[in-house]
$ cat model01.cif   # mmCIF, C-alpha atoms and all ligand atoms; chains and numbers go by the auth columns
data_input
loop_
_atom_site.group_PDB
_atom_site.id
_atom_site.type_symbol
_atom_site.label_atom_id
_atom_site.label_comp_id
_atom_site.label_asym_id
_atom_site.label_seq_id
_atom_site.Cartn_x
_atom_site.Cartn_y
_atom_site.Cartn_z
_atom_site.B_iso_or_equiv
_atom_site.auth_seq_id
_atom_site.auth_asym_id
ATOM 1 C CA MET A 1 -16.323 1.229 -10.270 0.00 259 A
ATOM 2 C CA ASN A 2 -15.307 2.350 -6.789 0.00 260 A
ATOM 3 C CA VAL A 3 -14.720 -0.212 -4.040 0.00 261 A
ATOM 4 C CA LEU A 4 -16.461 0.595 -0.783 0.00 262 A
ATOM 5 C CA GLY A 5 -14.989 -0.095 2.652 0.00 263 A
ATOM 6 C CA GLU A 6 -16.254 1.008 6.066 0.00 264 A
ATOM 7 C CA LEU A 7 -14.022 4.081 6.391 0.00 265 A
ATOM 8 C CA VAL A 8 -12.546 4.340 2.897 0.00 266 A
ATOM 9 C CA VAL A 9 -13.433 4.192 -0.773 0.00 267 A
ATOM 10 C CA LEU A 10 -10.894 2.802 -3.229 0.00 268 A
ATOM 11 C CA ARG A 11 -10.996 4.605 -6.550 0.00 269 A
ATOM 12 C CA ALA A 12 -8.931 4.989 -9.714 0.00 270 A
ATOM 13 C CA MET A 13 -6.090 7.499 -9.537 0.00 271 A
ATOM 14 C CA ARG A 14 -6.376 10.647 -11.636 0.00 272 A
ATOM 15 C CA VAL A 15 -3.684 12.756 -13.247 0.00 273 A
ATOM 16 C CA SER A 16 -4.952 15.598 -11.024 0.00 274 A
ATOM 17 C CA ASP A 17 -3.805 13.551 -7.966 0.00 275 A
ATOM 18 C CA ALA A 18 -0.182 14.175 -9.004 0.00 276 A
ATOM 19 C CA ASP A 19 0.381 17.046 -6.543 0.00 277 A
ATOM 20 C CA SER A 20 -0.652 14.904 -3.544 0.00 278 A
ATOM 21 C CA LEU A 21 1.436 11.957 -4.708 0.00 279 A
ATOM 22 C CA TRP A 22 4.458 14.180 -5.337 0.00 280 A
ATOM 23 C CA ARG A 23 4.122 15.725 -1.838 0.00 281 A
ATOM 24 C CA TRP A 24 3.849 12.302 -0.130 0.00 282 A
ATOM 25 C CA ASN A 25 6.831 10.934 -2.052 0.00 283 A
ATOM 26 C CA HIS A 26 8.973 13.838 -0.819 0.00 284 A
ATOM 27 C CA ASP A 27 7.885 13.598 2.831 0.00 285 A
ATOM 28 C CA PRO A 28 10.607 11.847 4.877 0.00 286 A
ATOM 29 C CA ASP A 29 8.087 10.727 7.554 0.00 287 A
ATOM 30 C CA VAL A 30 5.959 8.981 4.933 0.00 288 A
ATOM 31 C CA MET A 31 8.924 7.485 3.065 0.00 289 A
ATOM 32 C CA ARG A 32 10.831 6.431 6.201 0.00 290 A
ATOM 33 C CA PHE A 33 10.409 2.685 5.601 0.00 291 A
ATOM 34 C CA MET A 34 9.845 2.741 1.856 0.00 292 A
ATOM 35 C CA VAL A 35 11.992 2.713 -1.251 0.00 293 A
ATOM 36 C CA GLU A 36 12.333 6.381 -2.139 0.00 294 A
ATOM 37 C CA GLY A 37 13.456 6.148 -5.738 0.00 295 A
ATOM 38 C CA TYR A 38 14.909 9.201 -7.448 0.00 296 A
ATOM 39 C CA PRO A 39 13.557 12.722 -7.025 0.00 297 A
ATOM 40 C CA GLN A 40 10.789 13.448 -9.503 0.00 298 A
ATOM 41 C CA THR A 41 9.002 16.497 -10.813 0.00 299 A
ATOM 42 C CA PRO A 42 5.211 16.821 -10.528 0.00 300 A
ATOM 43 C CA GLU A 43 5.142 16.399 -14.319 0.00 301 A
ATOM 44 C CA THR A 44 6.876 13.003 -14.086 0.00 302 A
ATOM 45 C CA VAL A 45 4.317 11.948 -11.487 0.00 303 A
ATOM 46 C CA GLU A 46 1.502 13.057 -13.815 0.00 304 A
ATOM 47 C CA LYS A 47 2.964 10.878 -16.558 0.00 305 A
ATOM 48 C CA PHE A 48 3.223 7.937 -14.156 0.00 306 A
ATOM 49 C CA LEU A 49 -0.437 8.344 -13.174 0.00 307 A
ATOM 50 C CA ALA A 50 -1.559 8.612 -16.801 0.00 308 A
ATOM 51 C CA GLU A 51 0.083 5.210 -17.431 0.00 309 A
ATOM 52 C CA ARG A 52 -0.262 3.301 -14.127 0.00 310 A
ATOM 53 C CA GLY A 53 -3.675 4.794 -13.363 0.00 311 A
ATOM 54 C CA ARG A 54 -5.225 2.808 -16.205 0.00 312 A
ATOM 55 C CA ASN A 55 -5.613 -0.345 -14.101 0.00 313 A
ATOM 56 C CA ALA A 56 -5.498 -3.883 -15.461 0.00 314 A
ATOM 57 C CA TYR A 57 -5.611 -7.353 -13.893 0.00 315 A
ATOM 58 C CA GLY A 58 -1.862 -7.537 -13.421 0.00 316 A
ATOM 59 C CA ASP A 59 -1.453 -3.965 -12.237 0.00 317 A
ATOM 60 C CA THR A 60 -4.066 -2.189 -10.152 0.00 318 A
ATOM 61 C CA LEU A 61 -3.531 1.063 -8.306 0.00 319 A
ATOM 62 C CA PHE A 62 -6.254 2.560 -6.136 0.00 320 A
ATOM 63 C CA GLY A 63 -6.453 5.911 -4.445 0.00 321 A
ATOM 64 C CA VAL A 64 -7.614 5.581 -0.814 0.00 322 A
ATOM 65 C CA GLU A 65 -10.239 8.210 -0.057 0.00 323 A
ATOM 66 C CA SER A 66 -11.672 8.915 3.390 0.00 324 A
ATOM 67 C CA ARG A 67 -15.448 8.431 3.265 0.00 325 A
ATOM 68 C CA LYS A 68 -15.877 11.067 5.977 0.00 326 A
ATOM 69 C CA ASP A 69 -14.640 13.980 3.891 0.00 327 A
ATOM 70 C CA GLY A 70 -13.785 12.588 0.430 0.00 328 A
ATOM 71 C CA LYS A 71 -10.081 13.424 0.821 0.00 329 A
ATOM 72 C CA LEU A 72 -7.444 11.352 -0.967 0.00 330 A
ATOM 73 C CA ILE A 73 -5.185 10.067 1.844 0.00 331 A
ATOM 74 C CA GLY A 74 -3.075 7.319 0.279 0.00 332 A
ATOM 75 C CA LEU A 75 -2.597 4.516 -2.202 0.00 333 A
ATOM 76 C CA VAL A 76 -3.061 0.778 -2.294 0.00 334 A
ATOM 77 C CA GLY A 77 -2.149 -1.487 -5.196 0.00 335 A
ATOM 78 C CA LEU A 78 -2.134 -5.132 -6.246 0.00 336 A
ATOM 79 C CA GLN A 79 0.622 -5.972 -8.691 0.00 337 A
ATOM 80 C CA GLY A 80 1.815 -8.953 -10.654 0.00 338 A
ATOM 81 C CA ALA A 81 -1.485 -10.885 -10.511 0.00 339 A
ATOM 82 C CA GLU A 82 -1.630 -13.868 -12.864 0.00 340 A
ATOM 83 C CA PRO A 83 -4.699 -16.079 -13.327 0.00 341 A
ATOM 84 C CA GLU A 84 -2.421 -19.146 -13.445 0.00 342 A
ATOM 85 C CA THR A 85 -0.971 -18.619 -9.957 0.00 343 A
ATOM 86 C CA GLY A 86 -3.655 -16.476 -8.299 0.00 344 A
ATOM 87 C CA ASN A 87 -0.892 -14.565 -6.492 0.00 345 A
ATOM 88 C CA ALA A 88 -0.415 -10.799 -6.296 0.00 346 A
ATOM 89 C CA GLU A 89 1.734 -8.385 -4.294 0.00 347 A
ATOM 90 C CA LEU A 90 0.043 -5.694 -2.227 0.00 348 A
ATOM 91 C CA THR A 91 1.565 -2.278 -1.493 0.00 349 A
ATOM 92 C CA ILE A 92 -0.003 0.415 0.663 0.00 350 A
ATOM 93 C CA TYR A 93 0.843 3.751 2.146 0.00 351 A
ATOM 94 C CA LEU A 94 -1.029 6.658 3.604 0.00 352 A
ATOM 95 C CA GLY A 95 0.581 9.970 2.708 0.00 353 A
ATOM 96 C CA GLU A 96 -1.679 12.265 4.749 0.00 354 A
ATOM 97 C CA LYS A 97 -0.121 11.934 8.187 0.00 355 A
ATOM 98 C CA GLU A 98 -2.970 13.509 10.148 0.00 356 A
ATOM 99 C CA TYR A 99 -5.085 10.488 9.138 0.00 357 A
ATOM 100 C CA TRP A 100 -2.691 7.962 10.716 0.00 358 A
ATOM 101 C CA GLY A 101 -3.797 5.984 13.761 0.00 359 A
ATOM 102 C CA GLN A 102 -7.540 6.101 13.001 0.00 360 A
ATOM 103 C CA GLY A 103 -8.044 2.728 11.380 0.00 361 A
ATOM 104 C CA TYR A 104 -7.798 3.885 7.748 0.00 362 A
ATOM 105 C CA ALA A 105 -4.949 1.565 6.734 0.00 363 A
ATOM 106 C CA THR A 106 -6.647 -1.414 8.399 0.00 364 A
ATOM 107 C CA ASP A 107 -9.853 -0.728 6.469 0.00 365 A
ATOM 108 C CA ALA A 108 -7.998 -0.033 3.192 0.00 366 A
ATOM 109 C CA MET A 109 -6.112 -3.351 3.585 0.00 367 A
ATOM 110 C CA ARG A 110 -9.323 -5.292 4.223 0.00 368 A
ATOM 111 C CA THR A 111 -11.116 -3.602 1.319 0.00 369 A
ATOM 112 C CA ALA A 112 -8.247 -4.187 -1.144 0.00 370 A
ATOM 113 C CA CYS A 113 -7.806 -7.837 -0.060 0.00 371 A
ATOM 114 C CA ARG A 114 -11.547 -8.493 -0.298 0.00 372 A
ATOM 115 C CA TYR A 115 -11.448 -7.046 -3.818 0.00 373 A
ATOM 116 C CA GLY A 116 -8.460 -9.268 -4.659 0.00 374 A
ATOM 117 C CA PHE A 117 -10.085 -12.462 -3.406 0.00 375 A
ATOM 118 C CA ASP A 118 -13.698 -11.825 -4.481 0.00 376 A
ATOM 119 C CA LYS A 119 -13.361 -9.881 -7.746 0.00 377 A
ATOM 120 C CA MET A 120 -9.915 -10.900 -9.013 0.00 378 A
ATOM 121 C CA ARG A 121 -10.281 -14.455 -7.679 0.00 379 A
ATOM 122 C CA LEU A 122 -6.797 -14.412 -6.177 0.00 380 A
ATOM 123 C CA HIS A 123 -5.654 -17.257 -3.964 0.00 381 A
ATOM 124 C CA ARG A 124 -2.761 -15.539 -2.181 0.00 382 A
ATOM 125 C CA ILE A 125 -1.781 -11.941 -1.510 0.00 383 A
ATOM 126 C CA TRP A 126 1.729 -11.204 -0.284 0.00 384 A
ATOM 127 C CA LEU A 127 3.718 -8.168 0.756 0.00 385 A
ATOM 128 C CA THR A 128 7.037 -7.101 2.193 0.00 386 A
ATOM 129 C CA VAL A 129 7.699 -4.848 5.168 0.00 387 A
ATOM 130 C CA VAL A 130 10.992 -3.617 6.567 0.00 388 A
ATOM 131 C CA VAL A 131 11.842 -4.987 10.017 0.00 389 A
ATOM 132 C CA GLY A 132 11.252 -2.071 12.400 0.00 390 A
ATOM 133 C CA ASN A 133 8.127 -0.739 10.657 0.00 391 A
ATOM 134 C CA ASP A 134 6.111 -1.971 13.641 0.00 392 A
ATOM 135 C CA ALA A 135 2.891 -0.068 12.889 0.00 393 A
ATOM 136 C CA ALA A 136 2.639 -1.509 9.365 0.00 394 A
ATOM 137 C CA HIS A 137 3.616 -5.027 10.549 0.00 395 A
ATOM 138 C CA HIS A 138 0.931 -4.827 13.245 0.00 396 A
ATOM 139 C CA VAL A 139 -1.754 -3.751 10.743 0.00 397 A
ATOM 140 C CA TYR A 140 -0.838 -6.600 8.377 0.00 398 A
ATOM 141 C CA GLN A 141 -0.991 -9.172 11.198 0.00 399 A
ATOM 142 C CA LYS A 142 -4.289 -7.728 12.405 0.00 400 A
ATOM 143 C CA VAL A 143 -5.977 -8.397 9.055 0.00 401 A
ATOM 144 C CA GLY A 144 -4.546 -11.930 8.869 0.00 402 A
ATOM 145 C CA PHE A 145 -1.153 -11.785 7.125 0.00 403 A
ATOM 146 C CA VAL A 146 1.457 -14.165 8.572 0.00 404 A
ATOM 147 C CA ASP A 147 5.232 -13.950 8.458 0.00 405 A
ATOM 148 C CA GLU A 148 6.499 -16.359 5.819 0.00 406 A
ATOM 149 C CA GLY A 149 10.151 -15.505 5.785 0.00 407 A
ATOM 150 C CA ARG A 150 12.826 -12.935 6.294 0.00 408 A
ATOM 151 C CA LEU A 151 14.937 -11.479 3.500 0.00 409 A
ATOM 152 C CA ARG A 152 18.335 -10.667 4.960 0.00 410 A
ATOM 153 C CA GLN A 153 19.597 -7.087 4.516 0.00 411 A
ATOM 154 C CA ALA A 154 17.234 -6.526 1.596 0.00 412 A
ATOM 155 C CA SER A 155 16.708 -2.840 2.378 0.00 413 A
ATOM 156 C CA ARG A 156 18.950 0.084 3.219 0.00 414 A
ATOM 157 C CA ARG A 157 17.824 2.951 5.440 0.00 415 A
ATOM 158 C CA ASP A 158 19.768 5.670 7.222 0.00 416 A
ATOM 159 C CA GLY A 159 23.049 4.070 6.225 0.00 417 A
ATOM 160 C CA GLN A 160 22.094 0.676 7.648 0.00 418 A
ATOM 161 C CA TRP A 161 21.145 -2.587 5.987 0.00 419 A
ATOM 162 C CA ARG A 162 17.794 -3.890 7.243 0.00 420 A
ATOM 163 C CA ASP A 163 16.060 -7.241 6.995 0.00 421 A
ATOM 164 C CA VAL A 164 12.635 -7.404 5.356 0.00 422 A
ATOM 165 C CA HIS A 165 9.693 -9.624 6.374 0.00 423 A
ATOM 166 C CA ILE A 166 7.777 -11.354 3.620 0.00 424 A
ATOM 167 C CA MET A 167 4.140 -11.917 4.655 0.00 425 A
ATOM 168 C CA GLY A 168 1.269 -13.779 3.012 0.00 426 A
ATOM 169 C CA LEU A 169 -2.508 -14.055 3.273 0.00 427 A
ATOM 170 C CA LEU A 170 -4.411 -16.965 1.744 0.00 428 A
ATOM 171 C CA GLU A 171 -7.986 -16.948 0.497 0.00 429 A
ATOM 172 C CA GLY A 172 -10.235 -17.461 3.548 0.00 430 A
ATOM 173 C CA GLU A 173 -7.733 -16.021 6.058 0.00 431 A
ATOM 174 C CA LEU A 174 -8.796 -12.352 5.874 0.00 432 A
ATOM 175 C CA ARG A 175 -9.929 -11.042 9.258 0.00 433 A
HETATM 176 C C1 LIG B . 1.859 2.169 8.457 0.00 501 A
HETATM 177 C C2 LIG B . 0.553 2.804 8.015 0.00 501 A
HETATM 178 C C3 LIG B . 0.062 2.107 6.739 0.00 501 A
HETATM 179 C C4 LIG B . -0.484 2.633 9.137 0.00 501 A
HETATM 180 O O1 LIG B . -1.675 3.341 8.797 0.00 501 A
HETATM 181 P P1 LIG B . -2.770 3.756 9.903 0.00 501 A
HETATM 182 O O2 LIG B . -3.980 4.252 9.192 0.00 501 A
HETATM 183 O O3 LIG B . -2.144 4.629 10.904 0.00 501 A
HETATM 184 O O4 LIG B . -3.101 2.343 10.550 0.00 501 A
HETATM 185 P P2 LIG B . -4.361 1.987 11.467 0.00 501 A
HETATM 186 O O5 LIG B . -4.836 3.213 12.164 0.00 501 A
HETATM 187 O O6 LIG B . -5.347 1.220 10.665 0.00 501 A
HETATM 188 O O7 LIG B . -3.716 0.959 12.512 0.00 501 A
HETATM 189 C C5 LIG B . -2.520 1.277 13.178 0.00 501 A
HETATM 190 C C6 LIG B . -2.255 0.162 14.168 0.00 501 A
HETATM 191 O O8 LIG B . -0.852 0.114 14.445 0.00 501 A
HETATM 192 C C7 LIG B . -0.656 0.291 15.836 0.00 501 A
HETATM 193 N N1 LIG B . 0.598 1.007 15.978 0.00 501 A
HETATM 194 C C8 LIG B . 0.860 2.305 15.739 0.00 501 A
HETATM 195 N N2 LIG B . 2.165 2.557 15.965 0.00 501 A
HETATM 196 C C9 LIG B . 2.724 1.373 16.322 0.00 501 A
HETATM 197 C C10 LIG B . 4.037 0.980 16.667 0.00 501 A
HETATM 198 N N3 LIG B . 5.046 1.843 16.673 0.00 501 A
HETATM 199 N N4 LIG B . 4.250 -0.323 16.983 0.00 501 A
HETATM 200 C C11 LIG B . 3.257 -1.229 16.949 0.00 501 A
HETATM 201 N N5 LIG B . 1.974 -0.904 16.628 0.00 501 A
HETATM 202 C C12 LIG B . 1.728 0.381 16.326 0.00 501 A
HETATM 203 C C13 LIG B . -1.879 1.046 16.316 0.00 501 A
HETATM 204 O O9 LIG B . -2.083 0.869 17.700 0.00 501 A
HETATM 205 C C14 LIG B . -2.969 0.381 15.463 0.00 501 A
HETATM 206 O O10 LIG B . -3.300 -0.887 15.960 0.00 501 A
HETATM 207 P P3 LIG B . -4.694 -1.191 16.742 0.00 501 A
HETATM 208 O O11 LIG B . -5.782 -0.808 15.787 0.00 501 A
HETATM 209 O O12 LIG B . -4.630 -2.664 17.013 0.00 501 A
HETATM 210 O O13 LIG B . -4.668 -0.334 17.963 0.00 501 A
HETATM 211 C C15 LIG B . 0.715 4.311 7.753 0.00 501 A
HETATM 212 O O14 LIG B . 1.196 4.917 8.927 0.00 501 A
HETATM 213 C C16 LIG B . 1.704 4.625 6.633 0.00 501 A
HETATM 214 O O15 LIG B . 1.332 4.567 5.473 0.00 501 A
HETATM 215 N N6 LIG B . 2.948 4.951 6.987 0.00 501 A
HETATM 216 C C17 LIG B . 3.995 5.386 6.043 0.00 501 A
HETATM 217 C C18 LIG B . 4.336 4.447 4.940 0.00 501 A
HETATM 218 C C19 LIG B . 4.491 2.997 5.360 0.00 501 A
HETATM 219 O O16 LIG B . 5.210 2.687 6.276 0.00 501 A
HETATM 220 N N7 LIG B . 3.801 2.128 4.610 0.00 501 A
HETATM 221 C C20 LIG B . 3.909 0.726 4.754 0.00 501 A
HETATM 222 C C21 LIG B . 5.095 0.261 3.976 0.00 501 A
HETATM 223 S S1 LIG B . 5.217 -1.486 4.013 0.00 501 A
#
$ encode --input "model01.cif" --output "structure tokens"
Amino acid sequence: MNVLGELVVLRAMRVSDADSLWRWNHDPDVMRFMVEGYPQTPETVEKFLAERGRNAYGDTLFGVESRKDGKLIGLVGLQGAEPETGNAELTIYLGEKEYWGQGYATDAMRTACRYGFDKMRLHRIWLTVVVGNDAAHHVYQKVGFVDEGRLRQASRRDGQWRDVHIMGLLEGELR
């Protein structure tokens, strides 16, 4: 079942989304603050979606669709959820750059976190963000995430080691 936000709908990923995902993963602007991984073919991405797209409690992956025009603009996922701990890690990115700066990530974050707390009965959602990714850090703070710590030189970008913030949001803190 799709998850409705104000500006976005979260939906299962399809194998036919592979071309978009491949394009985003090879766009340096999109990947600037993210772990790039190794170059992949569209066929490898299709295989990934056939497996990861299945969705289960410990591993959800949603496509973020704009409600205005039904276009797939990014991804949000909750990984590593366990009923015993009620913790899961959130990852998000919007690959369609012309949709940046219009509130889509803020709404996708709120919608995914609401799903995590209400449907998955999580207690804590956490994420990491590279120091210097100010737009993402701002969005996470805006929806209620707080800085919990700083991982020293945990990321490498443009030949430089960078620290990484670890942020957390507890049940009841979503704004
Ligand atoms: C970061 C990202 C998720 C933001 O998505 P978005 O849809 O543009 O975000 P929103 O429009 O909801 O909100 C952007 C907010 O950041 C602010 N912002 C933009 N650039 C900023 C900057 N350089 N410094 C601080 N704040 C900034 C905007 O003013 C806005 O805040 P406001 O609503 O309080 O005015 C998106 O650009 C993206 O996916 N980027 C590439 C991948 C990435 O970095 N993902 C996160 C990895 S942890």
$ resolve_selection --input "model01.cif" --expression "the PyMOL selection byres (((not hetatm)) within 8 of (chain A and resi 501))" --output "PyMOL selection string"
chain A and resi 287-292+332+349-353+355+357-365+385-388+391-397+400
$ residues_around --input "model01.cif" --residues "Arg372 of chain A" --least-positions-apart "4" --cutoff "10 Å" --atoms "only C-alpha atoms" --output "list in words"
Val261, Gly263, Ala366, Met367, Arg368, Asp376, Lys377, Met378, Arg379, Leu380, Glu429, Gly430 and Leu432 of chain A
$ residues_around --input "model01.cif" --residues "segment 312-315 of chain A" --least-positions-apart "2" --cutoff "12 Å" --atoms "all atoms listed in the file" --output "PyMOL selection string"
chain A and resi 259+269-273+305-310+317-321+335-341+344-346+373-374+377-380
$ write_last_selection --input "model01.cif" --atoms "C-alpha atoms" --output "PDB file, in the frame of the given file"
ATOM      1  CA  MET A 259     -16.323   1.229 -10.270  1.00  0.00           C
ATOM      2  CA  ARG A 269     -10.996   4.605  -6.550  1.00  0.00           C
ATOM      3  CA  ALA A 270      -8.931   4.989  -9.714  1.00  0.00           C
ATOM      4  CA  MET A 271      -6.090   7.499  -9.537  1.00  0.00           C
ATOM      5  CA  ARG A 272      -6.376  10.647 -11.636  1.00  0.00           C
ATOM      6  CA  VAL A 273      -3.684  12.756 -13.247  1.00  0.00           C
ATOM      7  CA  LYS A 305       2.964  10.878 -16.558  1.00  0.00           C
ATOM      8  CA  PHE A 306       3.223   7.937 -14.156  1.00  0.00           C
ATOM      9  CA  LEU A 307      -0.437   8.344 -13.174  1.00  0.00           C
ATOM     10  CA  ALA A 308      -1.559   8.612 -16.801  1.00  0.00           C
ATOM     11  CA  GLU A 309       0.083   5.210 -17.431  1.00  0.00           C
ATOM     12  CA  ARG A 310      -0.262   3.301 -14.127  1.00  0.00           C
ATOM     13  CA  ASP A 317      -1.453  -3.965 -12.237  1.00  0.00           C
ATOM     14  CA  THR A 318      -4.066  -2.189 -10.152  1.00  0.00           C
ATOM     15  CA  LEU A 319      -3.531   1.063  -8.306  1.00  0.00           C
ATOM     16  CA  PHE A 320      -6.254   2.560  -6.136  1.00  0.00           C
ATOM     17  CA  GLY A 321      -6.453   5.911  -4.445  1.00  0.00           C
ATOM     18  CA  GLY A 335      -2.149  -1.487  -5.196  1.00  0.00           C
ATOM     19  CA  LEU A 336      -2.134  -5.132  -6.246  1.00  0.00           C
ATOM     20  CA  GLN A 337       0.622  -5.972  -8.691  1.00  0.00           C
ATOM     21  CA  GLY A 338       1.815  -8.953 -10.654  1.00  0.00           C
ATOM     22  CA  ALA A 339      -1.485 -10.885 -10.511  1.00  0.00           C
ATOM     23  CA  GLU A 340      -1.630 -13.868 -12.864  1.00  0.00           C
ATOM     24  CA  PRO A 341      -4.699 -16.079 -13.327  1.00  0.00           C
ATOM     25  CA  GLY A 344      -3.655 -16.476  -8.299  1.00  0.00           C
ATOM     26  CA  ASN A 345      -0.892 -14.565  -6.492  1.00  0.00           C
ATOM     27  CA  ALA A 346      -0.415 -10.799  -6.296  1.00  0.00           C
ATOM     28  CA  TYR A 373     -11.448  -7.046  -3.818  1.00  0.00           C
ATOM     29  CA  GLY A 374      -8.460  -9.268  -4.659  1.00  0.00           C
ATOM     30  CA  LYS A 377     -13.361  -9.881  -7.746  1.00  0.00           C
ATOM     31  CA  MET A 378      -9.915 -10.900  -9.013  1.00  0.00           C
ATOM     32  CA  ARG A 379     -10.281 -14.455  -7.679  1.00  0.00           C
ATOM     33  CA  LEU A 380      -6.797 -14.412  -6.177  1.00  0.00           C
TER      34      LEU A 380
END
$ closest_residue --input "model01.cif" --among "A:Val293, A:Asp277, A:Glu342, A:Gly328" --to "Ser413 of chain A" --atoms "all atoms listed in the file"
A:Val293
$ resolve_selection --input "model01.cif" --expression "the PyMOL selection byres (((chain A and resi 421) around 9) and not hetatm)" --output "list in words"
Val387, Val388, Val389, Gly390, Arg408, Leu409, Arg410, Gln411, Ala412, Ser413, Arg414, Trp419, Arg420, Val422 and His423 of chain A
$ resolve_selection --input "model01.cif" --expression "the PyMOL selection byres (((chain A and resi 324) around 9) and not hetatm)" --output "list of chain:residue names"
A:Leu265, A:Val266, A:Val267, A:Val322, A:Glu323, A:Arg325, A:Lys326, A:Asp327, A:Gly328, A:Lys329, A:Leu330, A:Ile331, A:Tyr357, A:Tyr362
$ closest_residue --input "model01.cif" --among "A:Glu264, A:Asn283, A:Gly426, A:Cys371" --to "Gly295 of chain A" --atoms "only C-alpha atoms"
A:Asn283
$ closest_residue --input "model01.cif" --among "A:Trp280, A:Thr343, A:Glu356, A:Met425" --to "Phe403 of chain A" --atoms "only C-alpha atoms"
A:Met425
$ atom_distance --input "model01.cif" --atom1 "atom CA of Val401 of chain A" --atom2 "atom CA of Glu431 of chain A"
8.4 Å
$ atom_distance --input "model01.cif" --atom1 "atom CA of Pro300 of chain A" --atom2 "atom CA of Ala370 of chain A"
26.7 Å
$ atom_distance --input "model01.cif" --atom1 "atom CA of Gln418 of chain A" --atom2 "atom CA of Asp405 of chain A"
22.3 Å
$ closest_residue --input "model01.cif" --among "A:His381, A:Asp416, A:Val334, A:Gln399" --to "Leu428 of chain A" --atoms "all atoms listed in the file"
A:His381
$ closest_residue --input "model01.cif" --among "A:Leu427, A:Gly311, A:Gly417, A:Thr302" --to "Leu333 of chain A" --atoms "only C-alpha atoms"
A:Gly311
$ closest_residue --input "model01.cif" --among "A:Glu406, A:Glu347, A:Glu294, A:Glu301" --to "Gly316 of chain A" --atoms "only C-alpha atoms"
A:Glu347
$ decode --input "model01.cif" --residues "segment 340-354 of chain A" --atoms "N, CA and C atoms" --output "mmCIF file, in the first residue's frame"
data_model
loop_
_atom_site.group_PDB
_atom_site.id
_atom_site.type_symbol
_atom_site.label_atom_id
_atom_site.label_comp_id
_atom_site.auth_asym_id
_atom_site.auth_seq_id
_atom_site.Cartn_x
_atom_site.Cartn_y
_atom_site.Cartn_z
ATOM 1 N N GLU A 340 14.602 -3.784 13.961
ATOM 2 C CA GLU A 340 14.428 -5.019 14.735
ATOM 3 C C GLU A 340 13.346 -4.751 15.765
ATOM 4 N N PRO A 341 12.376 -5.652 15.918
ATOM 5 C CA PRO A 341 11.331 -5.423 16.918
ATOM 6 C C PRO A 341 11.907 -5.300 18.324
ATOM 7 N N GLU A 342 13.013 -5.991 18.592
ATOM 8 C CA GLU A 342 13.589 -5.981 19.950
ATOM 9 C C GLU A 342 14.108 -4.613 20.344
ATOM 10 N N THR A 343 14.706 -3.880 19.388
ATOM 11 C CA THR A 343 15.312 -2.586 19.711
ATOM 12 C C THR A 343 14.449 -1.415 19.251
ATOM 13 N N GLY A 344 13.587 -1.633 18.259
ATOM 14 C CA GLY A 344 12.770 -0.545 17.732
ATOM 15 C C GLY A 344 13.594 0.546 17.072
ATOM 16 N N ASN A 345 14.790 0.219 16.623
ATOM 17 C CA ASN A 345 15.670 1.192 15.964
ATOM 18 C C ASN A 345 15.781 0.862 14.486
ATOM 19 N N ALA A 346 15.897 1.891 13.652
ATOM 20 C CA ALA A 346 16.164 1.668 12.225
ATOM 21 C C ALA A 346 16.933 2.858 11.680
ATOM 22 N N GLU A 347 17.695 2.613 10.614
ATOM 23 C CA GLU A 347 18.467 3.690 9.976
ATOM 24 C C GLU A 347 17.716 4.193 8.749
ATOM 25 N N LEU A 348 17.618 5.508 8.640
ATOM 26 C CA LEU A 348 16.948 6.106 7.479
ATOM 27 C C LEU A 348 17.975 6.610 6.475
ATOM 28 N N THR A 349 17.718 6.371 5.186
ATOM 29 C CA THR A 349 18.526 7.003 4.129
ATOM 30 C C THR A 349 17.572 7.646 3.130
ATOM 31 N N ILE A 350 17.993 8.796 2.615
ATOM 32 C CA ILE A 350 17.137 9.497 1.637
ATOM 33 C C ILE A 350 18.007 10.190 0.614
ATOM 34 N N TYR A 351 17.556 10.237 -0.613
ATOM 35 C CA TYR A 351 18.100 11.185 -1.567
ATOM 36 C C TYR A 351 17.111 11.438 -2.690
ATOM 37 N N LEU A 352 17.191 12.648 -3.199
ATOM 38 C CA LEU A 352 16.352 13.028 -4.329
ATOM 39 C C LEU A 352 17.257 13.151 -5.544
ATOM 40 N N GLY A 353 17.018 12.331 -6.544
ATOM 41 C CA GLY A 353 17.888 12.291 -7.715
ATOM 42 C C GLY A 353 17.507 13.280 -8.803
ATOM 43 N N GLU A 354 16.250 13.731 -8.792
ATOM 44 C CA GLU A 354 15.799 14.691 -9.816
ATOM 45 C C GLU A 354 16.054 16.100 -9.290
#
